[in-house]
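Scroll down for the structure; my scribbles are underneath it.
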Amino acid sequence: MTFEELLAEGEAVPVEGWDFSWFEGRATEERPPWGYSRLLGERMAAASAGLDLQTGGGEVLAGIPKPPPVLAATEGWPPNVEVARKTLAPLGGEVVEAEYDAPLPFPDESFDLVSSRHPIANPWREIARVLRPGGVFLSQQIGAGTVRELKEFFLGPQDYGDWTPDMLRVEAEAVGLRVERLEPAKLRMEFFDLAAVVYFLRKVIWIVPGFEVETYRDRLAELHRMIETDGKFVAHSRRVLVEAVKSDHTFG
């Protein structure tokens, strides 16, 4: 396919939901060693009431083999809310529209499991509030500098600050959660054509904020030449698994 054809294809793919199956054969990402989907399924099967924060289109949550008696999810982007409601309806899941930084619309101590895969931010105080004593927060987080190779190709060198995974422990413990597992991973990503890059940047909007094809046409043309020469563009994602327990009634 030509440069223009690849641009057009990457721009045409719908970005609603959080399903990455379109990338099959066009991009790959190494999976974390802990198997988040398996862990989520095990924890949800053992829970009496579960909440998934920032659920996207509900695709990850929909993969659990056995839902708890009470299952709820939040999502802040309106197109994803409707996708998630359809996706989670077979599990009896309630999807509530709520911004990632807004108070959670649930009473205190409503859930014995709160989960979140790749949250924009962690509402720690709210997580602690809605968890029951002994309840668990399970999350796969995005680490600082994730996909930095792609970001810096378009934006130049970036300052990622001094963030480390241990900061998640500090934040969790500040609201009364005891971190029992904190595990980082660096994972290889490969993009095999330009359409995959364009779609990725349209879908994962925080990598190159405000990404538009016309704005970055020259850089996209250079990237297209690189992929044609090398066969791929290599980047690395960074992930952190967090599992924390609410130890008592106090938080914050």
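In the structure tokens, chains take letters A, B, ... by order of appearance, with residues numbered from 1 within each chain and ligands from 1 in the order shown.
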Strand (DSSP E) positions in region 85-141 of chain A, given as a ChimeraX atom specification: /A:94-97,111-117,131-141
Output of the above residues as a compact mmCIF listing (two decimals), in the first residue's frame, restricted to N, CA, C and O atoms:
# COMPACT_ATOMS: atom_id res chain seq x y z
N GLU A 94 -23.58 -3.29 35.45
CA GLU A 94 -24.10 -1.92 35.37
C GLU A 94 -22.94 -0.98 35.02
O GLU A 94 -21.91 -0.99 35.70
N VAL A 95 -23.09 -0.18 33.98
CA VAL A 95 -22.05 0.76 33.58
C VAL A 95 -22.53 2.17 33.87
O VAL A 95 -23.59 2.60 33.39
N VAL A 96 -21.76 2.90 34.66
CA VAL A 96 -22.10 4.25 35.08
C VAL A 96 -21.14 5.23 34.42
O VAL A 96 -19.92 5.02 34.45
N GLU A 97 -21.67 6.30 33.83
CA GLU A 97 -20.80 7.32 33.25
C GLU A 97 -20.23 8.18 34.36
O GLU A 97 -20.97 8.79 35.14
N PHE A 111 -17.92 -2.53 47.73
CA PHE A 111 -17.29 -3.57 46.92
C PHE A 111 -16.16 -4.26 47.69
O PHE A 111 -15.45 -3.62 48.47
N ASP A 112 -16.01 -5.55 47.43
CA ASP A 112 -14.84 -6.24 47.98
C ASP A 112 -13.73 -6.40 46.94
O ASP A 112 -12.66 -6.90 47.25
N LEU A 113 -14.00 -5.93 45.70
CA LEU A 113 -12.96 -5.89 44.67
C LEU A 113 -13.16 -4.66 43.80
O LEU A 113 -14.26 -4.42 43.30
N VAL A 114 -12.11 -3.87 43.64
CA VAL A 114 -12.07 -2.77 42.67
C VAL A 114 -10.91 -3.05 41.74
O VAL A 114 -9.79 -3.35 42.19
N SER A 115 -11.16 -2.98 40.44
CA SER A 115 -10.12 -3.25 39.46
C SER A 115 -10.02 -2.09 38.47
O SER A 115 -10.95 -1.31 38.32
N SER A 116 -8.89 -2.02 37.79
CA SER A 116 -8.72 -1.01 36.75
C SER A 116 -7.51 -1.38 35.90
O SER A 116 -6.41 -1.58 36.43
N ARG A 117 -7.73 -1.47 34.59
CA ARG A 117 -6.63 -1.76 33.67
C ARG A 117 -6.29 -0.49 32.89
O ARG A 117 -7.13 0.07 32.20
N LEU A 131 -14.19 0.47 48.93
CA LEU A 131 -13.76 -0.89 49.28
C LEU A 131 -14.21 -1.23 50.70
O LEU A 131 -14.15 -0.40 51.61
N ARG A 132 -14.62 -2.48 50.88
CA ARG A 132 -14.90 -3.00 52.20
C ARG A 132 -13.59 -3.35 52.91
O ARG A 132 -12.59 -3.62 52.24
N PRO A 133 -13.57 -3.35 54.24
CA PRO A 133 -12.36 -3.83 54.93
C PRO A 133 -12.00 -5.24 54.45
O PRO A 133 -12.84 -6.13 54.34
N GLY A 134 -10.74 -5.42 54.12
CA GLY A 134 -10.28 -6.68 53.54
C GLY A 134 -10.45 -6.75 52.04
O GLY A 134 -10.00 -7.71 51.42
N GLY A 135 -11.07 -5.73 51.44
CA GLY A 135 -11.26 -5.69 50.00
C GLY A 135 -9.96 -5.42 49.27
O GLY A 135 -8.99 -4.90 49.83
N VAL A 136 -9.95 -5.74 47.97
CA VAL A 136 -8.72 -5.71 47.18
C VAL A 136 -8.86 -4.73 46.01
O VAL A 136 -9.92 -4.67 45.36
N PHE A 137 -7.79 -4.00 45.76
CA PHE A 137 -7.65 -3.20 44.54
C PHE A 137 -6.64 -3.90 43.66
O PHE A 137 -5.48 -4.12 44.05
N LEU A 138 -7.07 -4.29 42.44
CA LEU A 138 -6.21 -4.98 41.47
C LEU A 138 -6.12 -4.12 40.22
O LEU A 138 -7.15 -3.74 39.65
N SER A 139 -4.90 -3.81 39.78
CA SER A 139 -4.76 -2.90 38.65
C SER A 139 -3.49 -3.17 37.87
O SER A 139 -2.45 -3.49 38.44
N GLN A 140 -3.59 -3.05 36.55
CA GLN A 140 -2.43 -3.00 35.67
C GLN A 140 -2.26 -1.56 35.22
O GLN A 140 -3.11 -1.02 34.51
N GLN A 141 -1.18 -0.94 35.67
CA GLN A 141 -0.94 0.48 35.45
C GLN A 141 0.01 0.70 34.27
O GLN A 141 0.80 -0.18 33.92
Compile a residue-level contact table for region 141-226 of chain A against region 16-39 of chain A at a cut-off of 10 Å, reporting for every qualifying residue the shortest atom pair and its distance in Å to one decimal, with only C-alpha atoms counted, rows ordered by chain and ascending number, as a Markdown table.
| residue | atom | partner | partner_atom | distance |
| --- | --- | --- | --- | --- |
| A:Glu183 | CA | A:Trp34 | CA | 8.7 |
| A:Pro184 | CA | A:Pro32 | CA | 8.8 |
| A:Ala185 | CA | A:Pro32 | CA | 6.5 |
| A:Lys186 | CA | A:Pro32 | CA | 8.1 |
| A:Leu187 | CA | A:Glu30 | CA | 5.2 |
| A:Arg188 | CA | A:Glu30 | CA | 5.4 |
| A:Met189 | CA | A:Glu29 | CA | 4.3 |
| A:Glu190 | CA | A:Thr28 | CA | 5.2 |
| A:Phe191 | CA | A:Ala27 | CA | 4.4 |
| A:Phe192 | CA | A:Arg26 | CA | 5.1 |
| A:Asp193 | CA | A:Arg26 | CA | 6.3 |
| A:Leu194 | CA | A:Arg26 | CA | 9.1 |
| A:Ala195 | CA | A:Arg26 | CA | 8.3 |
| A:Ala196 | CA | A:Arg26 | CA | 6.1 |
| A:Val197 | CA | A:Ala27 | CA | 8.5 |
| A:Tyr199 | CA | A:Phe23 | CA | 8.9 |
| A:Phe200 | CA | A:Phe23 | CA | 8.9 |
| A:Lys203 | CA | A:Glu16 | CA | 8.0 |
| A:Val204 | CA | A:Trp18 | CA | 9.6 |
CA of Leu201 (chain A) to CA of Gly161 (chain A), straight-line distance in Å: 22.4 Å
Region 123-125 of chain A environment, 12 Å, only C-alpha atoms, sequence neighbours closer than 3 positions dropped, as a VMD selection string: chain A and resid 53 to 54 98 to 104 108 114 to 116 119 to 120 128 to 131 137 139 168 to 177 244 246 250 to 252
Output file for the selection above: C-alpha atoms, as an mmCIF file, in the first residue's frame:
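As written to disk, again17.cif reads:
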data_model
loop_
_atom_site.group_PDB
_atom_site.id
_atom_site.type_symbol
_atom_site.label_atom_id
_atom_site.label_comp_id
_atom_site.auth_asym_id
_atom_site.auth_seq_id
_atom_site.Cartn_x
_atom_site.Cartn_y
_atom_site.Cartn_z
ATOM 1 C CA LEU A 53 -12.897 1.640 36.946
ATOM 2 C CA GLN A 54 -12.324 3.339 33.575
ATOM 3 C CA ALA A 98 -18.234 8.975 35.519
ATOM 4 C CA GLU A 99 -15.104 11.003 34.834
ATOM 5 C CA TYR A 100 -11.859 9.465 36.025
ATOM 6 C CA ASP A 101 -11.281 12.273 38.557
ATOM 7 C CA ALA A 102 -14.890 12.582 39.802
ATOM 8 C CA PRO A 103 -16.251 11.066 43.038
ATOM 9 C CA LEU A 104 -17.423 7.500 42.515
ATOM 10 C CA ASP A 108 -19.010 3.596 51.249
ATOM 11 C CA VAL A 114 -12.073 -2.774 42.673
ATOM 12 C CA SER A 115 -10.116 -3.255 39.457
ATOM 13 C CA SER A 116 -8.719 -1.007 36.750
ATOM 14 C CA PRO A 119 -6.336 3.929 34.289
ATOM 15 C CA ILE A 120 -5.721 7.538 33.318
ATOM 16 C CA ALA A 128 -10.396 3.188 49.582
ATOM 17 C CA ARG A 129 -13.827 4.619 50.390
ATOM 18 C CA VAL A 130 -15.843 2.158 48.288
ATOM 19 C CA LEU A 131 -13.763 -0.889 49.281
ATOM 20 C CA PHE A 137 -7.652 -3.202 44.539
ATOM 21 C CA SER A 139 -4.762 -2.902 38.648
ATOM 22 C CA LEU A 168 2.149 3.806 43.660
ATOM 23 C CA ARG A 169 2.909 2.159 47.007
ATOM 24 C CA VAL A 170 3.233 5.542 48.706
ATOM 25 C CA GLU A 171 -0.061 6.771 47.234
ATOM 26 C CA ALA A 172 -1.921 3.590 48.151
ATOM 27 C CA GLU A 173 -0.600 3.478 51.703
ATOM 28 C CA ALA A 174 -1.571 7.117 52.204
ATOM 29 C CA VAL A 175 -5.254 6.128 52.029
ATOM 30 C CA GLY A 176 -4.998 2.973 54.149
ATOM 31 C CA LEU A 177 -4.282 0.346 51.484
ATOM 32 C CA ALA A 244 -3.460 -3.748 47.458
ATOM 33 C CA LYS A 246 -7.814 -2.302 52.544
ATOM 34 C CA THR A 250 -9.511 4.087 58.112
ATOM 35 C CA PHE A 251 -8.364 5.838 54.972
ATOM 36 C CA GLY A 252 -6.986 9.231 53.943
#
DSSP helix (DSSP H, G or I) residues within region 39-248 of chain A, as number ranges by chain: A: 39-46, 61-63, 78-91, 124-130, 148-155, 166-173, 194-203, 217-230
Those same residues, written as an mmCIF file, in the first residue's frame with C-alpha atoms?
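Result file out32.cif:
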data_model
loop_
_atom_site.group_PDB
_atom_site.id
_atom_site.type_symbol
_atom_site.label_atom_id
_atom_site.label_comp_id
_atom_site.auth_asym_id
_atom_site.auth_seq_id
_atom_site.Cartn_x
_atom_site.Cartn_y
_atom_site.Cartn_z
ATOM 1 C CA LEU A 39 -5.922 -12.591 37.648
ATOM 2 C CA LEU A 40 -8.999 -10.435 37.094
ATOM 3 C CA GLY A 41 -11.098 -13.490 36.312
ATOM 4 C CA GLU A 42 -9.944 -15.267 39.474
ATOM 5 C CA ARG A 43 -10.575 -12.249 41.708
ATOM 6 C CA MET A 44 -13.989 -11.500 40.192
ATOM 7 C CA ALA A 45 -15.095 -15.130 40.548
ATOM 8 C CA ALA A 46 -14.292 -14.985 44.286
ATOM 9 C CA LEU A 61 -13.975 -7.145 32.008
ATOM 10 C CA ALA A 62 -16.225 -9.102 29.635
ATOM 11 C CA GLY A 63 -13.571 -11.825 29.507
ATOM 12 C CA PRO A 78 -19.594 8.801 26.264
ATOM 13 C CA PRO A 79 -19.013 6.662 23.124
ATOM 14 C CA ASN A 80 -17.306 4.033 25.262
ATOM 15 C CA VAL A 81 -20.127 4.089 27.819
ATOM 16 C CA GLU A 82 -22.613 2.804 25.253
ATOM 17 C CA VAL A 83 -20.160 0.198 23.958
ATOM 18 C CA ALA A 84 -19.482 -1.003 27.510
ATOM 19 C CA ARG A 85 -23.179 -1.279 28.342
ATOM 20 C CA LYS A 86 -23.747 -3.561 25.361
ATOM 21 C CA THR A 87 -20.578 -5.555 26.034
ATOM 22 C CA LEU A 88 -21.278 -6.116 29.734
ATOM 23 C CA ALA A 89 -25.035 -6.657 29.529
ATOM 24 C CA PRO A 90 -24.640 -10.473 29.253
ATOM 25 C CA LEU A 91 -22.771 -10.427 32.600
ATOM 26 C CA TRP A 124 -7.045 6.518 45.582
ATOM 27 C CA ARG A 125 -9.262 8.126 48.205
ATOM 28 C CA GLU A 126 -12.400 7.028 46.370
ATOM 29 C CA ILE A 127 -11.038 3.505 45.844
ATOM 30 C CA ALA A 128 -10.396 3.188 49.582
ATOM 31 C CA ARG A 129 -13.827 4.619 50.390
ATOM 32 C CA VAL A 130 -15.843 2.158 48.288
ATOM 33 C CA ARG A 148 8.558 6.840 24.581
ATOM 34 C CA GLU A 149 10.255 5.923 21.281
ATOM 35 C CA LEU A 150 7.079 6.768 19.350
ATOM 36 C CA LYS A 151 6.263 9.847 21.427
ATOM 37 C CA GLU A 152 9.745 11.276 20.984
ATOM 38 C CA PHE A 153 9.775 10.529 17.256
ATOM 39 C CA PHE A 154 6.953 13.058 16.909
ATOM 40 C CA LEU A 155 7.557 15.423 19.853
ATOM 41 C CA ASP A 166 7.233 2.705 44.344
ATOM 42 C CA MET A 167 5.256 5.951 44.158
ATOM 43 C CA LEU A 168 2.149 3.806 43.660
ATOM 44 C CA ARG A 169 2.909 2.159 47.007
ATOM 45 C CA VAL A 170 3.233 5.542 48.706
ATOM 46 C CA GLU A 171 -0.061 6.771 47.234
ATOM 47 C CA ALA A 172 -1.921 3.590 48.151
ATOM 48 C CA GLU A 173 -0.600 3.478 51.703
ATOM 49 C CA LEU A 194 2.034 3.212 8.996
ATOM 50 C CA ALA A 195 -1.709 2.570 9.284
ATOM 51 C CA ALA A 196 -1.088 0.762 12.560
ATOM 52 C CA VAL A 197 0.814 3.764 13.929
ATOM 53 C CA VAL A 198 -1.886 6.231 12.866
ATOM 54 C CA TYR A 199 -4.650 4.126 14.388
ATOM 55 C CA PHE A 200 -2.655 3.626 17.599
ATOM 56 C CA LEU A 201 -2.062 7.356 18.035
ATOM 57 C CA ARG A 202 -5.745 8.127 17.360
ATOM 58 C CA LYS A 203 -6.831 5.519 19.893
ATOM 59 C CA ARG A 217 2.392 14.549 7.813
ATOM 60 C CA ASP A 218 6.140 15.135 7.345
ATOM 61 C CA ARG A 219 7.068 12.996 10.346
ATOM 62 C CA LEU A 220 4.630 10.312 9.217
ATOM 63 C CA ALA A 221 6.270 10.253 5.803
ATOM 64 C CA GLU A 222 9.674 9.780 7.444
ATOM 65 C CA LEU A 223 8.274 7.030 9.667
ATOM 66 C CA HIS A 224 6.797 5.307 6.614
ATOM 67 C CA ARG A 225 10.235 5.282 4.967
ATOM 68 C CA MET A 226 11.805 3.856 8.129
ATOM 69 C CA ILE A 227 9.263 1.028 8.364
ATOM 70 C CA GLU A 228 9.692 0.192 4.676
ATOM 71 C CA THR A 229 13.462 0.024 5.160
ATOM 72 C CA ASP A 230 13.582 -1.799 8.510
#
